[in-house]
file run.cif (mmCIF, C-alpha atoms)
data_structure
#
loop_
_atom_site.label_atom_id
_atom_site.label_comp_id
_atom_site.auth_asym_id
_atom_site.auth_seq_id
_atom_site.Cartn_x
_atom_site.Cartn_y
_atom_site.Cartn_z
CA MET B 7 -23.47 -70.67 -67.78
CA ASP B 8 -26.57 -68.86 -69.08
CA GLU B 9 -24.71 -67.84 -72.23
CA ILE B 10 -23.71 -71.45 -72.92
CA LEU B 11 -27.32 -72.54 -72.51
CA ALA B 12 -28.35 -69.74 -74.90
CA VAL B 13 -25.85 -71.08 -77.46
CA HIS B 14 -27.18 -74.59 -76.91
CA SER B 15 -30.76 -73.42 -77.44
CA MET B 16 -29.74 -71.71 -80.72
CA LEU B 17 -28.05 -74.90 -81.87
CA HIS B 18 -31.11 -76.89 -80.85
CA LEU B 19 -33.41 -74.59 -82.85
CA ILE B 20 -31.17 -74.78 -85.93
CA PHE B 21 -31.00 -78.55 -85.51
CA HIS B 22 -34.77 -78.91 -85.15
CA ARG B 23 -35.61 -76.61 -88.06
CA ASN B 24 -33.19 -78.14 -90.58
CA LYS B 25 -33.19 -81.81 -89.57
CA ASN B 26 -35.36 -83.13 -92.40
CA GLN B 27 -33.49 -81.32 -95.14
CA HIS B 28 -29.85 -81.66 -94.08
CA ARG B 29 -29.65 -84.76 -91.87
CA ARG B 30 -27.81 -86.81 -94.50
CA THR B 31 -25.06 -84.28 -95.20
CA LYS B 32 -21.55 -84.67 -93.82
CA TRP B 33 -21.56 -81.44 -91.81
CA TRP B 34 -24.80 -82.36 -90.01
CA LYS B 35 -22.94 -84.91 -87.91
CA TRP B 36 -20.75 -82.10 -86.54
CA LEU B 37 -23.75 -79.93 -85.73
CA SER B 38 -25.22 -82.82 -83.75
CA ILE B 39 -21.92 -83.40 -81.92
CA LEU B 40 -21.57 -79.68 -81.16
CA LYS B 41 -25.11 -79.50 -79.78
CA ARG B 42 -24.46 -82.45 -77.45
CA ALA B 43 -21.02 -81.17 -76.44
CA THR B 44 -22.37 -77.73 -75.46
CA LEU B 45 -25.00 -79.35 -73.26
CA ASP B 46 -22.35 -81.59 -71.67
CA PHE B 47 -20.11 -78.56 -71.15
CA ALA B 48 -22.96 -76.63 -69.52
CA ARG B 49 -23.56 -79.53 -67.11
CA SER B 50 -19.97 -80.54 -66.28
CA GLY B 51 -17.75 -77.57 -67.18
CA VAL B 52 -15.04 -79.73 -68.82
CA LYS B 53 -13.94 -78.15 -72.07
CA SER B 54 -10.88 -80.17 -73.09
CA HIS B 55 -12.79 -82.38 -75.55
CA LEU B 56 -14.67 -79.35 -76.84
CA ALA B 57 -11.45 -77.40 -77.44
CA THR B 58 -9.34 -80.16 -78.95
CA HIS B 59 -11.78 -82.07 -81.12
CA VAL B 60 -15.23 -80.60 -81.52
CA ILE B 61 -14.71 -76.90 -82.28
CA PRO B 62 -11.87 -77.33 -84.83
CA ARG B 63 -13.73 -80.02 -86.77
CA CYS B 64 -16.99 -78.08 -86.61
CA TYR B 65 -15.19 -75.08 -88.03
CA ILE B 66 -14.00 -77.11 -91.02
CA ALA B 67 -17.42 -78.70 -91.54
CA PHE B 68 -19.32 -75.41 -91.28
CA SER B 69 -16.85 -73.72 -93.63
CA THR B 70 -17.92 -76.13 -96.34
CA VAL B 71 -21.52 -75.02 -95.83
CA VAL B 72 -20.46 -71.40 -96.37
CA ALA B 73 -18.48 -72.39 -99.46
CA ASP B 74 -21.59 -74.05 -100.90
CA ASN B 75 -23.52 -71.06 -102.22
CA GLN B 76 -26.90 -72.73 -101.83
CA PHE B 77 -26.88 -72.72 -98.01
CA SER B 78 -24.26 -70.05 -97.30
CA ALA B 79 -26.57 -68.09 -94.98
CA LEU B 80 -27.02 -71.15 -92.79
CA GLY B 81 -23.26 -71.71 -92.81
CA VAL B 82 -22.58 -68.14 -91.70
CA VAL B 83 -25.05 -68.54 -88.83
CA LEU B 84 -23.38 -71.80 -87.78
CA LEU B 85 -19.93 -70.18 -87.86
CA ALA B 86 -21.24 -67.21 -85.84
CA VAL B 87 -22.66 -69.54 -83.18
CA LEU B 88 -19.37 -71.45 -83.13
CA ALA B 89 -17.43 -68.19 -82.71
CA ARG B 90 -19.74 -67.12 -79.90
CA LEU B 91 -19.20 -70.46 -78.15
CA SER B 92 -15.42 -70.12 -78.56
CA LYS B 93 -15.50 -66.63 -77.07
CA ILE B 94 -17.68 -67.70 -74.12
CA THR B 95 -15.50 -70.69 -73.27
CA GLY B 96 -12.25 -68.81 -73.84
CA ILE B 97 -11.10 -71.28 -76.50
CA SER B 98 -8.97 -69.53 -79.09
CA HIS B 99 -7.30 -70.95 -82.15
CA GLN B 100 -3.92 -70.79 -80.39
CA LYS B 101 -5.12 -73.15 -77.65
CA MET B 102 -6.36 -75.75 -80.09
CA GLU B 103 -4.19 -78.78 -80.76
CA PRO B 104 -2.42 -79.35 -84.06
CA ALA B 105 -5.12 -81.91 -84.91
CA THR B 106 -6.91 -79.10 -86.74
CA THR B 107 -4.04 -78.66 -89.19
CA LYS B 108 -3.98 -82.42 -89.72
CA SER B 109 -7.70 -82.36 -90.54
CA ARG B 110 -7.18 -79.49 -92.97
CA MET B 111 -4.35 -81.38 -94.63
CA THR B 112 -6.59 -84.39 -95.28
CA VAL B 113 -9.22 -82.12 -96.82
CA ALA B 114 -6.60 -80.46 -99.03
CA LYS B 115 -5.26 -83.83 -100.27
CA GLU B 116 -8.68 -84.99 -101.42
CA ASP B 117 -8.73 -86.16 -105.02
CA LEU B 118 -10.55 -83.61 -107.15
CA GLY B 119 -10.53 -85.71 -110.32
CA GLU B 120 -9.21 -84.95 -113.77
CA ARG B 121 -10.55 -82.37 -116.20
CA ILE B 122 -11.84 -83.88 -119.41
CA ARG B 123 -12.12 -81.75 -122.51
CA ARG B 124 -14.70 -82.25 -125.24
CA ILE B 125 -13.33 -83.00 -128.68
CA ASP B 126 -15.80 -81.84 -131.32
CA ASN B 127 -13.93 -83.18 -134.35
CA ALA B 128 -13.48 -86.72 -133.06
CA PRO B 129 -14.09 -89.46 -135.64
CA LEU B 130 -17.16 -91.55 -135.04
CA ALA B 131 -16.82 -95.26 -134.40
CA PRO B 132 -17.96 -97.49 -137.28
CA VAL B 133 -21.52 -98.71 -136.86
CA LYS B 134 -22.59 -102.16 -138.03
CA ILE B 135 -25.96 -102.18 -139.77
CA SER B 136 -27.99 -105.34 -140.04
CA HIS B 137 -30.12 -106.22 -143.08
CA ALA B 138 -33.35 -105.18 -141.32
CA ASP B 139 -31.87 -101.78 -140.47
CA SER B 140 -30.80 -101.15 -144.06
CA LYS B 141 -34.40 -101.50 -145.30
CA VAL B 142 -35.51 -98.89 -142.83
CA SER B 143 -32.77 -96.52 -143.89
CA ARG B 144 -33.60 -96.97 -147.62
CA VAL B 145 -37.25 -96.21 -146.98
CA SER B 146 -36.41 -93.15 -144.95
CA LYS B 147 -34.11 -91.89 -147.72
CA GLU B 148 -36.72 -92.27 -150.41
CA LYS B 149 -39.60 -90.58 -148.59
CA PRO B 150 -39.25 -87.19 -146.95
CA THR B 151 -39.69 -87.25 -143.20
CA GLU B 152 -41.80 -84.91 -141.17
CA LYS B 153 -38.78 -82.88 -140.24
CA SER B 154 -37.75 -82.19 -143.83
CA ALA B 155 -39.65 -80.54 -146.64
CA GLU B 156 -38.99 -80.50 -150.37
CA TYR B 157 -38.92 -77.24 -152.25
CA THR B 158 -38.96 -76.82 -156.01
CA GLU B 159 -37.01 -73.89 -157.35
CA SER B 160 -36.89 -72.60 -160.89
CA THR B 161 -33.59 -71.35 -162.13
CA GLU B 162 -33.03 -68.80 -164.92
CA ASP B 163 -32.52 -71.63 -167.40
CA GLY B 164 -36.07 -72.81 -166.82
CA VAL B 165 -34.87 -76.02 -165.21
CA SER B 166 -36.60 -76.82 -161.96
CA LYS B 167 -34.45 -78.00 -159.16
CA THR B 168 -35.71 -79.90 -156.11
CA THR B 169 -33.97 -79.28 -152.84
CA SER B 170 -34.82 -80.48 -149.40
CA LYS B 171 -34.41 -78.37 -146.32
CA LYS B 172 -34.88 -79.46 -142.75
CA LYS B 173 -37.50 -77.68 -140.72
CA LYS B 174 -36.18 -76.14 -137.59
CA LYS B 175 -37.40 -77.73 -134.41
CA LYS B 176 -39.65 -75.49 -132.36
CA LYS B 177 -37.79 -74.11 -129.38
CA ASN B 178 -39.18 -73.77 -125.92
CA ALA B 179 -38.01 -71.99 -122.79
CA ILE B 180 -35.69 -74.84 -121.76
CA ASP B 181 -33.92 -74.69 -125.13
CA ASP B 182 -33.42 -70.96 -124.68
CA LEU B 183 -31.82 -71.50 -121.28
CA PHE B 184 -29.32 -74.06 -122.54
CA SER B 185 -28.65 -72.58 -125.98
CA GLY B 186 -25.39 -70.97 -124.89
CA LEU B 187 -23.85 -74.28 -123.81
CA PHE B 188 -23.43 -75.75 -127.26
#

call {"tool": "encode", "arguments": {"input": "run.cif", "output": "C-alpha cells"}}
result
Amino acid sequence: MDEILAVHSMLHLIFHRNKNQHRRTKWWKWLSILKRATLDFARSGVKSHLATHVIPRCYIAFSTVVADNQFSALGVVLLAVLARLSKITGISHQKMEPATTKSRMTVAKEDLGERIRRIDNAPLAPVKISHADSKVSRVSKEKPTEKSAEYTESTEDGVSKTTSKKKKKKKNAIDDLFSGLF
C-alpha cells in the first residue's frame, strides 16, 4: 500500500511539473488516467480495470514519448514508473487482455502519408503578363539593378566588352545552417 502511494506521489509530481507544457498532447490523457487509477487502486484494491485497460494503453502512449527524441528522458521515467506499478500490483504482460494487441494494431495501421519527391527539372507553368507588368520588366532590363553590376573588359583586339555579373547576396548564420539542403 505504501509503495502504491509512493508511485502515485511520483506520478503526481510529474503531472504537476509538466502540466503547462504537455497538457495538450495525446499521451498526457493517459498520464492523468494512470494517476487517478493508482489512487483509486490504493483506496479500493481493485486492479481489474488497471490491468486490462489502463496499464496497456499507458505503455503504448508512453512509448511514443520515448520514441520522440525531444522528451525521451521524460518518457523513460514514465515507463519506469509504469513498470514499478506493474511489479507492485503483480500485473504482468501475460495477464493483460488481448485489447493491448488490438490497440497496437490500430497504431500500426495509421496512415503515414505518401513520400513526394522534388523534381528539379520540371517545366515552369506559363505566366501571363499584363501591359503594366511589361513596362516594369522593360525598365528593369534597361537599367542595372542593385544586385547586378556592369564590368567593362578589354580584349586583346582592343574592343571593350561589357558584361554584367550578379553580386552574391551576403550570407548570414542562418544561410550557413541551411546551405546543405539545396

call {"tool": "residues_around", "arguments": {"input": "run.cif", "residues": "region 69-86 of chain B", "least_positions_apart": "5", "cutoff": "9 Å", "atoms": "all atoms listed in the file", "output": "compact mmCIF listing (two decimals) with C-alpha atoms, in the frame of the given file"}}
result
# COMPACT_ATOMS: atom_id res chain seq x y z
CA LEU B 17 -28.05 -74.90 -81.87
CA ILE B 20 -31.17 -74.78 -85.93
CA TRP B 33 -21.56 -81.44 -91.81
CA LEU B 37 -23.75 -79.93 -85.73
CA CYS B 64 -16.99 -78.08 -86.61
CA LEU B 91 -19.20 -70.46 -78.15

call {"tool": "atom_distance", "arguments": {"input": "run.cif", "atom1": "CA of Arg42 (chain B)", "atom2": "CA of Ser15 (chain B)"}}
result
11.0 Å

call {"tool": "atom_distance", "arguments": {"input": "run.cif", "atom1": "CA of Leu11 (chain B)", "atom2": "CA of Trp36 (chain B)"}}
result
18.2 Å

call {"tool": "atom_distance", "arguments": {"input": "run.cif", "atom1": "CA of Asn127 (chain B)", "atom2": "CA of Lys177 (chain B)"}}
result
26.0 Å

call {"tool": "closest_residue", "arguments": {"input": "run.cif", "among": "B:Ile180, B:Leu118, B:Val60, B:Leu45", "to": "Ala12 (chain B)", "atoms": "only C-alpha atoms"}}
result
B:Leu45
